[in-house]
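S.K.: See upload_17.txt below, with compact mmCIF, C-alpha atoms.
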```txt
# COMPACT_ATOMS: atom_id res chain seq x y z
CA MET N 1 289.99 -117.34 -102.03
CA GLU N 2 286.87 -115.15 -102.10
CA HIS N 3 283.30 -116.43 -102.07
CA THR N 4 279.86 -114.84 -102.28
CA VAL N 5 277.74 -115.96 -99.33
CA THR N 6 274.25 -115.25 -98.00
CA LEU N 7 274.35 -114.89 -94.22
CA GLU N 8 271.55 -116.75 -92.47
CA ARG N 9 271.65 -116.07 -88.73
CA LEU N 10 273.72 -114.76 -85.83
CA SER N 11 275.85 -117.06 -83.72
CA TYR N 12 276.15 -116.82 -79.94
CA GLY N 13 279.17 -114.65 -80.49
CA PRO N 14 280.07 -111.60 -82.59
CA ASP N 15 279.74 -113.39 -85.95
CA ALA N 16 277.02 -114.01 -88.50
CA VAL N 17 276.73 -117.52 -89.94
CA GLY N 18 276.38 -118.68 -93.55
CA HIS N 19 277.53 -121.52 -95.80
CA LEU N 20 280.29 -121.59 -98.38
CA PRO N 21 279.50 -123.00 -101.86
CA SER N 22 280.93 -126.32 -100.59
CA GLY N 23 278.26 -126.39 -97.87
CA LYS N 24 280.73 -125.77 -95.04
CA THR N 25 279.56 -123.45 -92.25
CA VAL N 26 281.36 -120.12 -92.23
CA PHE N 27 281.52 -117.49 -89.46
CA VAL N 28 281.76 -113.86 -90.59
CA PRO N 29 282.33 -110.92 -88.22
CA GLN N 30 280.39 -107.67 -88.89
CA GLY N 31 277.77 -109.56 -90.90
CA ALA N 32 273.99 -109.36 -90.52
CA PRO N 33 271.40 -112.08 -91.23
CA GLY N 34 270.13 -111.56 -94.78
CA ASP N 35 273.33 -109.92 -96.04
CA VAL N 36 274.74 -111.08 -99.36
CA VAL N 37 278.48 -110.63 -98.89
CA VAL N 38 281.84 -111.37 -100.44
CA VAL N 39 284.12 -113.04 -97.89
CA GLU N 40 287.71 -114.22 -97.79
CA VAL N 41 288.37 -117.41 -95.83
CA VAL N 42 291.12 -116.80 -93.26
CA ASP N 43 290.84 -120.00 -91.18
CA ASP N 44 289.68 -123.21 -92.85
CA ARG N 45 288.95 -126.05 -90.41
CA ALA N 46 287.59 -129.55 -91.01
CA SER N 47 284.01 -128.73 -90.03
CA TYR N 48 283.81 -124.94 -90.33
CA ALA N 49 285.64 -121.86 -91.58
CA ARG N 50 286.18 -118.29 -90.47
CA ALA N 51 286.18 -115.50 -93.00
CA ARG N 52 286.85 -111.79 -93.34
CA LEU N 53 284.08 -109.58 -94.70
CA VAL N 54 285.38 -108.10 -97.97
CA LYS N 55 282.26 -106.38 -99.30
CA VAL N 56 278.51 -106.19 -98.68
CA VAL N 57 276.89 -106.87 -102.06
CA GLU N 58 273.30 -106.66 -100.84
CA PRO N 59 272.67 -105.39 -97.31
CA SER N 60 270.16 -107.05 -95.00
CA PRO N 61 267.00 -105.10 -94.08
CA ASP N 62 268.31 -105.46 -90.50
CA ARG N 63 271.62 -103.75 -91.21
CA VAL N 64 271.98 -100.26 -89.70
CA THR N 65 274.78 -97.68 -89.51
CA PRO N 66 277.04 -98.26 -86.47
CA GLU N 67 276.79 -95.44 -83.90
CA SER N 68 280.03 -95.80 -81.97
CA PRO N 69 283.40 -95.90 -83.73
CA TYR N 70 285.05 -96.26 -80.31
CA ASP N 71 283.21 -99.48 -79.57
CA GLN N 72 283.81 -100.74 -83.10
CA VAL N 73 287.57 -100.47 -82.58
CA THR N 74 287.51 -102.29 -79.22
CA GLY N 75 284.86 -104.86 -80.15
CA ALA N 76 282.74 -103.85 -77.15
CA ALA N 77 279.59 -103.52 -79.29
CA PRO N 78 279.94 -106.22 -81.99
CA TRP N 79 276.23 -106.14 -82.93
CA GLN N 80 275.82 -102.37 -83.28
CA HIS N 81 275.41 -102.72 -87.07
CA ILE N 82 272.22 -104.80 -86.51
CA ALA N 83 268.77 -103.30 -85.84
CA TYR N 84 267.74 -103.64 -82.19
CA GLU N 85 264.60 -105.70 -82.86
CA ALA N 86 266.74 -108.16 -84.81
CA GLN N 87 269.18 -108.35 -81.89
CA LEU N 88 266.31 -109.27 -79.55
CA GLY N 89 265.06 -111.93 -81.94
CA ALA N 90 268.53 -113.43 -82.30
CA LYS N 91 268.99 -113.62 -78.53
CA ARG N 92 265.69 -115.45 -78.07
CA ALA N 93 266.57 -117.79 -80.97
CA CYS N 94 269.89 -118.59 -79.29
CA VAL N 95 268.14 -119.61 -76.05
CA VAL N 96 265.68 -121.81 -78.00
CA ASP N 97 268.51 -123.36 -80.01
CA GLN N 98 270.51 -124.25 -76.90
CA LEU N 99 267.49 -125.96 -75.34
CA ALA N 100 267.10 -128.10 -78.46
CA ARG N 101 270.81 -128.78 -79.12
CA THR N 102 272.31 -128.96 -75.63
CA ALA N 103 269.37 -129.90 -73.36
CA HIS N 104 267.92 -132.13 -76.12
CA LEU N 105 264.40 -130.80 -75.65
CA ASP N 106 261.92 -131.28 -78.44
CA PRO N 107 262.30 -128.19 -80.69
CA ALA N 108 258.57 -127.43 -80.52
CA ARG N 109 258.62 -127.58 -76.73
CA ALA N 110 261.76 -125.44 -76.60
CA ASP N 111 260.11 -122.80 -78.77
CA GLU N 112 257.00 -122.85 -76.58
CA MET N 113 258.98 -122.45 -73.33
CA VAL N 114 260.99 -119.36 -74.34
CA MET N 115 259.30 -115.95 -74.09
CA PRO N 116 260.18 -112.92 -76.26
CA CYS N 117 263.37 -111.22 -75.06
CA LEU N 118 262.70 -108.33 -72.66
CA PRO N 119 264.19 -105.21 -74.31
CA SER N 120 266.37 -102.66 -72.58
CA LYS N 121 264.92 -99.14 -72.45
CA ARG N 122 268.42 -97.79 -73.08
CA THR N 123 270.24 -99.41 -75.98
CA TRP N 124 273.22 -97.07 -75.56
CA GLY N 125 274.46 -95.40 -72.36
CA TYR N 126 273.16 -98.23 -70.18
CA ARG N 127 276.31 -99.48 -68.43
CA ASN N 128 276.82 -98.33 -64.83
CA LYS N 129 280.39 -99.66 -64.89
CA ILE N 130 283.42 -99.49 -67.14
CA GLU N 131 286.70 -101.26 -66.47
CA MET N 132 289.85 -100.56 -68.44
CA ALA N 133 293.23 -102.21 -68.59
CA ALA N 134 296.25 -100.00 -67.93
CA GLU N 135 299.94 -100.26 -68.72
CA LEU N 136 302.97 -98.11 -69.43
CA ASP N 137 303.96 -97.50 -73.04
CA PRO N 138 307.63 -97.61 -74.18
CA GLN N 139 307.99 -93.93 -73.20
CA GLY N 140 306.81 -94.68 -69.66
CA ARG N 141 303.41 -92.98 -70.05
CA LEU N 142 300.25 -94.57 -68.67
CA VAL N 143 297.93 -95.95 -71.37
CA MET N 144 294.34 -97.00 -70.62
CA GLY N 145 291.92 -98.90 -72.83
CA TYR N 146 290.42 -102.31 -73.60
CA ARG N 147 292.06 -105.65 -74.34
CA ASP N 148 291.48 -107.25 -77.73
CA ALA N 149 289.59 -110.51 -77.17
CA GLN N 150 291.70 -112.30 -79.79
CA ASP N 151 295.30 -111.32 -79.08
CA GLY N 152 295.11 -109.55 -75.71
CA ARG N 153 296.66 -106.33 -77.01
CA LEU N 154 295.51 -103.10 -75.38
CA ALA N 155 293.52 -100.78 -77.66
CA PRO N 156 294.10 -97.26 -76.25
CA VAL N 157 290.46 -96.17 -76.68
CA GLU N 158 289.12 -94.67 -73.47
CA GLN N 159 285.55 -93.80 -74.44
CA THR N 160 282.60 -96.16 -74.76
CA LEU N 161 279.09 -95.06 -75.68
CA LEU N 162 277.75 -98.08 -73.83
CA ALA N 163 278.42 -96.31 -70.51
CA HIS N 164 276.27 -93.71 -68.78
CA LYS N 165 276.76 -90.29 -70.39
CA ALA N 166 277.95 -88.93 -67.05
CA VAL N 167 281.07 -91.13 -67.18
CA GLN N 168 281.82 -91.37 -70.89
CA LYS N 169 284.58 -88.75 -70.69
CA VAL N 170 285.82 -89.66 -67.20
CA PRO N 171 288.52 -92.12 -68.44
CA LYS N 172 290.28 -89.36 -70.35
CA SER N 173 290.32 -87.15 -67.23
CA LEU N 174 291.55 -90.07 -65.14
CA ARG N 175 294.37 -90.81 -67.57
CA GLY N 176 295.57 -87.22 -67.35
CA ALA N 177 295.34 -87.17 -63.57
CA LEU N 178 297.17 -90.48 -63.15
CA ARG N 179 299.86 -89.50 -65.65
CA PHE N 180 300.47 -86.37 -63.58
CA VAL N 181 300.81 -88.43 -60.41
CA ILE N 182 302.97 -91.15 -61.93
CA GLY N 183 305.52 -89.00 -63.70
CA GLN N 184 308.34 -91.41 -64.49
CA GLN N 185 307.43 -93.93 -61.75
CA ASP N 186 305.86 -97.34 -62.17
CA LEU N 187 303.15 -97.51 -59.51
CA GLY N 188 301.96 -100.91 -60.69
CA ILE N 189 298.57 -99.67 -61.99
CA HIS N 190 297.09 -102.37 -64.23
CA ARG N 191 293.34 -101.72 -64.17
CA VAL N 192 291.00 -98.77 -63.58
CA GLY N 193 287.27 -99.12 -62.94
CA VAL N 194 284.50 -96.53 -62.75
CA ARG N 195 280.99 -97.11 -61.39
CA HIS N 196 278.15 -94.59 -61.62
CA SER N 197 274.52 -94.57 -60.53
CA LEU N 198 271.80 -92.64 -62.34
CA ALA N 199 269.55 -93.01 -59.28
CA THR N 200 271.94 -91.85 -56.54
CA GLY N 201 274.41 -89.83 -58.63
CA GLU N 202 277.32 -91.55 -56.89
CA MET N 203 280.52 -92.40 -58.73
CA GLU N 204 283.39 -94.59 -57.58
CA VAL N 205 286.87 -94.91 -59.07
CA ALA N 206 288.72 -98.14 -58.33
CA ILE N 207 292.45 -98.18 -59.11
CA TRP N 208 293.89 -101.70 -59.31
CA THR N 209 297.59 -101.94 -58.49
CA ARG N 210 300.24 -104.42 -57.51
CA PRO N 211 300.97 -104.38 -53.76
CA GLY N 212 303.68 -101.93 -52.79
CA GLY N 213 304.30 -98.29 -52.07
CA PHE N 214 301.70 -95.84 -53.36
CA PRO N 215 301.19 -92.04 -53.03
CA ARG N 216 297.71 -92.35 -51.53
CA ALA N 217 297.08 -88.71 -50.58
CA LEU N 218 298.33 -87.31 -53.90
CA VAL N 219 296.29 -89.82 -55.95
CA ALA N 220 293.18 -89.10 -53.87
CA LYS N 221 293.44 -85.33 -54.35
CA THR N 222 294.36 -85.44 -58.03
CA VAL N 223 291.66 -87.95 -58.99
CA SER N 224 289.05 -86.08 -56.90
CA ASP N 225 289.86 -82.84 -58.71
CA ALA N 226 289.69 -84.60 -62.10
CA CYS N 227 286.33 -86.35 -61.84
CA LYS N 228 284.46 -85.43 -58.61
CA ALA N 229 284.15 -89.06 -57.48
CA THR N 230 282.23 -89.79 -54.28
CA SER N 231 284.53 -92.73 -53.55
CA ILE N 232 288.10 -93.55 -54.58
CA VAL N 233 289.60 -96.90 -53.66
CA ARG N 234 292.76 -98.83 -54.36
CA VAL N 235 292.44 -102.57 -55.01
CA LEU N 236 295.68 -104.42 -54.31
CA ALA N 237 295.72 -107.38 -56.67
CA ASP N 238 297.96 -109.49 -58.84
CA GLU N 239 297.88 -108.84 -62.58
CA GLY N 240 296.35 -111.33 -64.99
CA PRO N 241 293.00 -113.12 -65.24
CA ALA N 242 293.16 -114.65 -61.73
CA ARG N 243 293.19 -111.20 -60.08
CA LYS N 244 293.97 -112.52 -56.59
CA ILE N 245 292.90 -109.74 -54.22
CA LYS N 246 295.39 -108.84 -51.47
CA GLY N 247 293.42 -105.95 -49.97
CA VAL N 248 291.34 -102.82 -50.59
CA GLU N 249 292.20 -99.32 -49.37
CA THR N 250 289.86 -96.33 -49.23
CA LEU N 251 291.72 -93.32 -50.59
CA ALA N 252 288.86 -90.80 -50.44
CA GLY N 253 285.12 -90.65 -49.81
CA ARG N 254 282.88 -93.43 -48.57
CA GLY N 255 284.85 -96.39 -49.82
CA TYR N 256 281.77 -97.91 -51.43
CA TRP N 257 279.28 -97.20 -54.23
CA ARG N 258 275.52 -96.96 -53.72
CA GLU N 259 272.91 -97.92 -56.32
CA ARG N 260 269.13 -98.31 -56.31
CA VAL N 261 267.34 -101.27 -57.92
CA GLY N 262 263.59 -100.81 -57.88
CA ASP N 263 262.60 -100.03 -54.28
CA PHE N 264 265.86 -101.26 -52.78
CA GLU N 265 269.23 -99.65 -52.18
CA PHE N 266 272.53 -101.52 -52.48
CA SER N 267 276.01 -100.60 -51.34
CA THR N 268 278.84 -102.31 -53.19
CA ARG N 269 282.51 -102.27 -52.29
CA ALA N 270 285.18 -103.03 -54.86
CA PRO N 271 285.80 -105.67 -56.10
CA SER N 272 282.29 -107.06 -55.49
CA PHE N 273 280.12 -107.84 -58.53
CA PHE N 274 276.99 -105.84 -59.40
CA GLN N 275 274.83 -106.03 -62.52
CA VAL N 276 276.00 -103.42 -65.07
CA ASN N 277 272.52 -102.54 -66.42
CA THR N 278 270.57 -101.39 -63.37
CA ALA N 279 267.19 -100.99 -65.07
CA GLN N 280 267.35 -104.51 -66.50
CA ALA N 281 268.51 -105.87 -63.14
CA ALA N 282 265.24 -104.52 -61.73
CA ARG N 283 263.31 -106.36 -64.45
CA MET N 284 265.14 -109.57 -63.60
CA VAL N 285 264.19 -109.15 -59.94
CA GLU N 286 260.54 -108.64 -60.96
CA THR N 287 260.69 -111.75 -63.15
CA VAL N 288 262.18 -113.89 -60.38
CA LEU N 289 259.46 -112.80 -57.94
CA GLN N 290 256.71 -113.41 -60.51
CA MET N 291 258.00 -116.91 -61.27
CA LEU N 292 258.17 -117.87 -57.59
CA GLY N 293 254.70 -116.52 -56.82
CA CYS N 294 253.73 -115.91 -53.19
CA VAL N 295 256.75 -116.48 -50.95
CA ASP N 296 255.33 -115.09 -47.70
CA GLY N 297 256.45 -117.53 -45.00
CA ALA N 298 258.32 -119.76 -47.48
CA VAL N 299 261.88 -120.98 -46.89
CA VAL N 300 263.88 -119.82 -49.92
CA ALA N 301 267.58 -120.35 -50.61
CA ASP N 302 269.54 -117.95 -52.81
CA LEU N 303 272.75 -119.52 -54.13
CA TYR N 304 275.57 -117.35 -55.52
CA ALA N 305 273.72 -114.49 -53.86
CA GLY N 306 276.25 -111.71 -54.50
CA GLY N 307 275.35 -108.50 -52.69
CA GLY N 308 271.70 -109.52 -52.29
CA THR N 309 270.07 -108.45 -55.56
CA PHE N 310 267.50 -111.25 -55.19
CA SER N 311 267.82 -112.09 -51.48
CA ILE N 312 266.69 -108.69 -50.23
CA PRO N 313 263.52 -108.35 -52.39
CA LEU N 314 262.62 -111.95 -51.44
CA ALA N 315 263.01 -111.17 -47.74
CA ALA N 316 260.96 -108.00 -48.19
CA ALA N 317 258.21 -110.15 -49.76
CA GLY N 318 258.04 -112.21 -46.57
CA ALA N 319 260.33 -115.15 -47.39
CA ASP N 320 262.65 -116.76 -44.86
CA VAL N 321 265.82 -116.34 -46.96
CA VAL N 322 269.07 -118.26 -46.66
CA ALA N 323 271.72 -116.70 -48.90
CA VAL N 324 274.93 -118.52 -49.86
CA GLU N 325 277.89 -116.58 -51.26
CA ALA N 326 281.58 -117.53 -51.50
CA ALA N 327 283.21 -114.13 -52.13
CA SER N 328 284.03 -112.49 -48.81
CA SER N 329 283.57 -108.95 -50.17
CA SER N 330 280.06 -109.83 -51.39
CA VAL N 331 279.18 -111.52 -48.08
CA ARG N 332 280.07 -108.29 -46.29
CA ASP N 333 278.02 -106.25 -48.79
CA LEU N 334 275.02 -108.59 -48.47
CA ARG N 335 274.90 -108.31 -44.68
CA PHE N 336 275.24 -104.53 -44.88
CA ASN N 337 272.53 -104.27 -47.56
CA ALA N 338 270.08 -106.39 -45.58
CA ASP N 339 270.44 -103.98 -42.66
CA LEU N 340 270.26 -101.00 -45.02
CA ASN N 341 266.91 -102.19 -46.37
CA GLY N 342 265.49 -103.28 -43.02
CA VAL N 343 265.18 -107.01 -43.75
CA PHE N 344 266.73 -110.15 -42.28
CA VAL N 345 268.69 -112.56 -44.46
CA ASP N 346 270.54 -115.56 -43.06
CA VAL N 347 273.88 -115.19 -44.86
CA LEU N 348 276.22 -118.17 -45.22
CA GLY N 349 279.71 -117.40 -46.44
CA GLY N 350 280.83 -120.50 -48.30
CA ASP N 351 280.74 -122.63 -51.41
CA ALA N 352 277.27 -123.56 -52.68
CA VAL N 353 278.16 -127.26 -53.01
CA ARG N 354 279.36 -127.51 -49.40
CA GLU N 355 276.52 -125.46 -47.91
CA LEU N 356 273.64 -127.06 -49.82
CA GLU N 357 273.55 -130.29 -47.84
CA GLY N 358 273.10 -128.40 -44.58
CA LEU N 359 270.16 -126.27 -45.73
CA GLY N 360 267.49 -128.91 -45.10
CA ASP N 361 264.12 -128.89 -46.86
CA LEU N 362 263.34 -125.83 -48.97
CA ASP N 363 260.13 -124.43 -50.44
CA ALA N 364 261.92 -122.64 -53.29
CA LEU N 365 265.41 -121.86 -54.50
CA VAL N 366 267.06 -119.16 -56.63
CA VAL N 367 270.39 -119.87 -58.28
CA ASP N 368 272.47 -117.32 -60.22
CA PRO N 369 275.83 -118.99 -60.94
CA PRO N 370 278.82 -117.59 -62.86
CA ARG N 371 279.19 -118.15 -66.60
CA ALA N 372 280.47 -121.71 -66.14
CA GLY N 373 277.11 -122.72 -64.67
CA LEU N 374 276.57 -125.26 -61.89
CA ALA N 375 279.01 -127.93 -60.79
CA PRO N 376 277.81 -131.37 -62.01
CA GLU N 377 276.64 -132.49 -58.56
CA VAL N 378 274.60 -129.36 -57.70
CA PRO N 379 271.26 -130.25 -59.42
CA ALA N 380 271.16 -133.55 -57.51
CA LEU N 381 271.95 -131.77 -54.23
CA ILE N 382 269.18 -129.27 -54.93
CA ALA N 383 266.78 -132.14 -55.67
CA LYS N 384 267.58 -133.60 -52.21
CA ALA N 385 266.44 -130.31 -50.63
CA ALA N 386 263.21 -130.81 -52.64
CA PRO N 387 262.18 -127.22 -53.40
CA LEU N 388 258.91 -127.11 -55.34
CA ARG N 389 260.25 -124.34 -57.56
CA VAL N 390 263.74 -123.48 -58.76
CA VAL N 391 264.43 -120.19 -60.52
CA TYR N 392 267.69 -120.37 -62.46
CA VAL N 393 269.23 -117.07 -63.60
CA SER N 394 271.96 -117.51 -66.22
CA CYS N 395 274.32 -115.35 -68.26
CA ASP N 396 275.30 -118.20 -70.62
CA PRO N 397 272.66 -120.09 -72.66
CA ALA N 398 274.91 -123.11 -73.31
CA THR N 399 275.81 -123.90 -69.68
CA TRP N 400 272.23 -123.08 -68.62
CA ALA N 401 270.77 -125.56 -71.16
CA ARG N 402 273.25 -128.21 -69.98
CA ASP N 403 272.05 -127.68 -66.40
CA VAL N 404 268.39 -127.71 -67.44
CA ALA N 405 268.96 -131.23 -68.77
CA ARG N 406 270.53 -132.23 -65.45
CA PHE N 407 267.56 -130.81 -63.52
CA GLU N 408 265.11 -132.72 -65.72
CA GLN N 409 267.02 -135.92 -64.92
CA GLN N 410 266.49 -135.12 -61.22
CA GLY N 411 262.70 -134.83 -61.44
CA TYR N 412 262.28 -131.16 -62.39
CA ARG N 413 260.66 -129.80 -65.52
CA LEU N 414 261.37 -126.53 -67.29
CA VAL N 415 258.18 -124.45 -67.31
CA ARG N 416 259.26 -121.09 -68.68
CA ALA N 417 262.37 -119.25 -69.83
CA GLN N 418 262.52 -115.46 -70.04
CA PRO N 419 265.48 -113.94 -71.93
CA VAL N 420 266.41 -110.46 -70.70
CA ASP N 421 268.57 -108.11 -72.77
CA VAL N 422 271.03 -106.74 -70.23
CA PHE N 423 273.74 -106.03 -72.85
CA PRO N 424 272.36 -104.30 -75.98
CA GLN N 425 274.71 -104.11 -79.00
CA THR N 426 276.36 -107.37 -77.88
CA PHE N 427 275.49 -111.06 -78.24
CA HIS N 428 275.22 -111.64 -74.47
CA VAL N 429 271.81 -112.48 -72.97
CA GLU N 430 270.56 -113.26 -69.47
CA THR N 431 267.90 -115.95 -69.02
CA VAL N 432 265.55 -116.23 -66.04
CA SER N 433 263.92 -119.66 -65.99
CA LEU N 434 261.45 -121.57 -63.83
CA LEU N 435 261.76 -125.28 -63.09
CA GLU N 436 259.07 -127.15 -61.12
CA ARG N 437 259.40 -130.41 -59.23
CA VAL N 438 257.28 -133.12 -60.85
CA ARG N 439 258.38 -136.10 -58.73
```
Would you put the structure from the file into structure tokens?

M.R.:
Amino acid sequence: MEHTVTLERLSYGPDAVGHLPSGKTVFVPQGAPGDVVVVEVVDDRASYARARLVKVVEPSPDRVTPESPYDQVTGAAPWQHIAYEAQLGAKRACVVDQLARTAHLDPARADEMVMPCLPSKRTWGYRNKIEMAAELDPQGRLVMGYRDAQDGRLAPVEQTLLAHKAVQKVPKSLRGALRFVIGQQDLGIHRVGVRHSLATGEMEVAIWTRPGGFPRALVAKTVSDACKATSIVRVLADEGPARKIKGVETLAGRGYWRERVGDFEFSTRAPSFFQVNTAQAARMVETVLQMLGCVDGAVVADLYAGGGTFSIPLAAAGADVVAVEAASSSVRDLRFNADLNGVFVDVLGGDAVRELEGLGDLDALVVDPPRAGLAPEVPALIAKAAPLRVVYVSCDPATWARDVARFEQQGYRLVRAQPVDVFPQTFHVETVSLLERVR
């Protein structure tokens, strides 16, 4: 059944939200707030429905023409039909909404705490990394592309306009090179990643394969000829979401990728994590330092420290930094990067929960957990270390708001939240927030 609906807002997801004539909430992909649309309900649940956009009757003032058909097919840029200023407003609104709904803050206080979203200078061509799934088609040819978020099928689209211009056509060259190498063999290639730096000009290709025999020299030469990479590595890993790493081999070049964030240089070895929008990573570092204030001589812990994006600028500002990181590849990168930048960071390789109790009293703490947020016991453990200030960096507003509530139960109070747009044309938003100890 079709209905005419006025869309009201954007969800924290790819969809716009409206209400059916019955009053039931409906989620509509490819909609924009202010659109009057005809929709067809495709999934009718007890408390909400999902619908397909049939026709735009009256477009929203915020609706624009999508720029990238490639990213429309793969779903990599689900908000590209929405004006950028409206995207920024929606991201801030999502952070405010989560504080009110999940952290149960007074709506007026939530609105006061959250600053306008920091825009990205580049709204296209900002990603320093692309990562594609790979598999053999029924004819035995290598296919590369992106997995559909709904059904997991591989969409054989190799180009994304979200990536740096210098690497937008690299996947096509890589596919040709790897097809040449593979021939009729199955080399177990299931993922291919490319990283590129605008600042250093370096580019790394990471080829993910199952463990087993592999023509290293031939792959190194063929891929080097195809895309002029400064580093080519093979990541030996199981297929699937767990991606258990068995080892990393350098096939050609340095074996690592070098990037510059502000005044600091970072070397990253696959499969270590690094922020995909370098310019916005620099703004997050600036925001963290501003929120902490003077740290000269202060004891500061950095939990989930990664390769040192925050640890190294903090140490350069005079802090006595203890960095905790569980991933062994990132621990290695962090130690190397501290030496590279001429600072000392006390690096602890281990789980944040286990290491926290041994840190002693702290003056300040930075925490940048994965999307799932903090384990339930972590805010209480942090409160025992009694830092005056906690800066919480989050990539998920819902888990962040849940943890804000836990911190407030432990005697901390949210002072400020700064959304940062690291992923234009998508619904994702980073939030840098300051919590102060009040008892």

S.K.: Choose the residue, out of N:Tyr70, N:Leu435, N:Ala77, N:Glu131, that has the smallest atom-to-atom separation from Asp15 of chain N; count all atoms listed in the file.

M.R.: N:Ala77

S.K.: So which residues touch Val95 of chain N within 10 Å, counting only C-alpha atoms, skipping near sequence neighbours fewer than 4 positions away, as a PyMOL selection string?

M.R.: chain N and resi 12+90-91+99-100+110-111+113-115+117+396-398+400-401+417-419+429-431

S.K.: For segment 246-259 of chain N, list every protein, DNA or RNA residue within 6 Å, evaluated using all atoms listed in the file, and leave out those in the same chain fewer than 2 positions away; present the list as a PyMOL selection string.

M.R.: chain N and resi 197+204+220+230-237+265-269

S.K.: State, in Å with one decimal place, the distance from atom CA of Arg50 of chain N to atom CA of Arg63 of chain N.

M.R.: 20.6 Å

S.K.: Restricting the calculation to all atoms listed in the file, which member of N:Asp361, N:Ile312, N:Val170, N:His104 is positioned closest to Gln409 of chain N?

M.R.: N:His104

S.K.: Missing atoms in segment 51-65 of chain N: can you complete it with N, CA and C atoms, as a tab-separated table (two decimals), in the coordinates of the input?

M.R.:
```
chain	number	residue	atom	x	y	z
N	51	ALA	N	285.90	-116.32	-91.83
N	51	ALA	CA	286.18	-115.50	-93.00
N	51	ALA	C	286.15	-114.01	-92.65
N	52	ARG	N	286.85	-113.25	-93.45
N	52	ARG	CA	286.85	-111.79	-93.34
N	52	ARG	C	285.83	-111.22	-94.30
N	53	LEU	N	285.05	-110.25	-93.83
N	53	LEU	CA	284.08	-109.58	-94.70
N	53	LEU	C	284.81	-108.64	-95.65
N	54	VAL	N	284.71	-108.92	-96.96
N	54	VAL	CA	285.38	-108.10	-97.97
N	54	VAL	C	284.44	-106.99	-98.44
N	55	LYS	N	283.19	-107.35	-98.73
N	55	LYS	CA	282.26	-106.38	-99.30
N	55	LYS	C	280.83	-106.85	-99.05
N	56	VAL	N	279.95	-105.89	-98.77
N	56	VAL	CA	278.51	-106.19	-98.68
N	56	VAL	C	277.91	-105.93	-100.06
N	57	VAL	N	277.47	-106.99	-100.73
N	57	VAL	CA	276.89	-106.87	-102.06
N	57	VAL	C	275.44	-106.40	-101.97
N	58	GLU	N	274.70	-107.01	-101.05
N	58	GLU	CA	273.30	-106.66	-100.84
N	58	GLU	C	273.02	-106.64	-99.35
N	59	PRO	N	272.82	-105.45	-98.76
N	59	PRO	CA	272.67	-105.39	-97.31
N	59	PRO	C	271.34	-105.98	-96.84
N	60	SER	N	271.37	-106.54	-95.65
N	60	SER	CA	270.16	-107.05	-95.00
N	60	SER	C	269.23	-105.90	-94.62
N	61	PRO	N	267.92	-106.12	-94.60
N	61	PRO	CA	267.00	-105.10	-94.08
N	61	PRO	C	267.29	-104.76	-92.61
N	62	ASP	N	267.99	-105.68	-91.91
N	62	ASP	CA	268.31	-105.46	-90.50
N	62	ASP	C	269.64	-104.77	-90.28
N	63	ARG	N	270.33	-104.43	-91.35
N	63	ARG	CA	271.62	-103.75	-91.21
N	63	ARG	C	271.41	-102.26	-91.00
N	64	VAL	N	272.08	-101.68	-89.99
N	64	VAL	CA	271.98	-100.26	-89.70
N	64	VAL	C	273.39	-99.67	-89.62
N	65	THR	N	273.48	-98.35	-89.61
N	65	THR	CA	274.78	-97.68	-89.51
N	65	THR	C	275.28	-97.73	-88.08
```
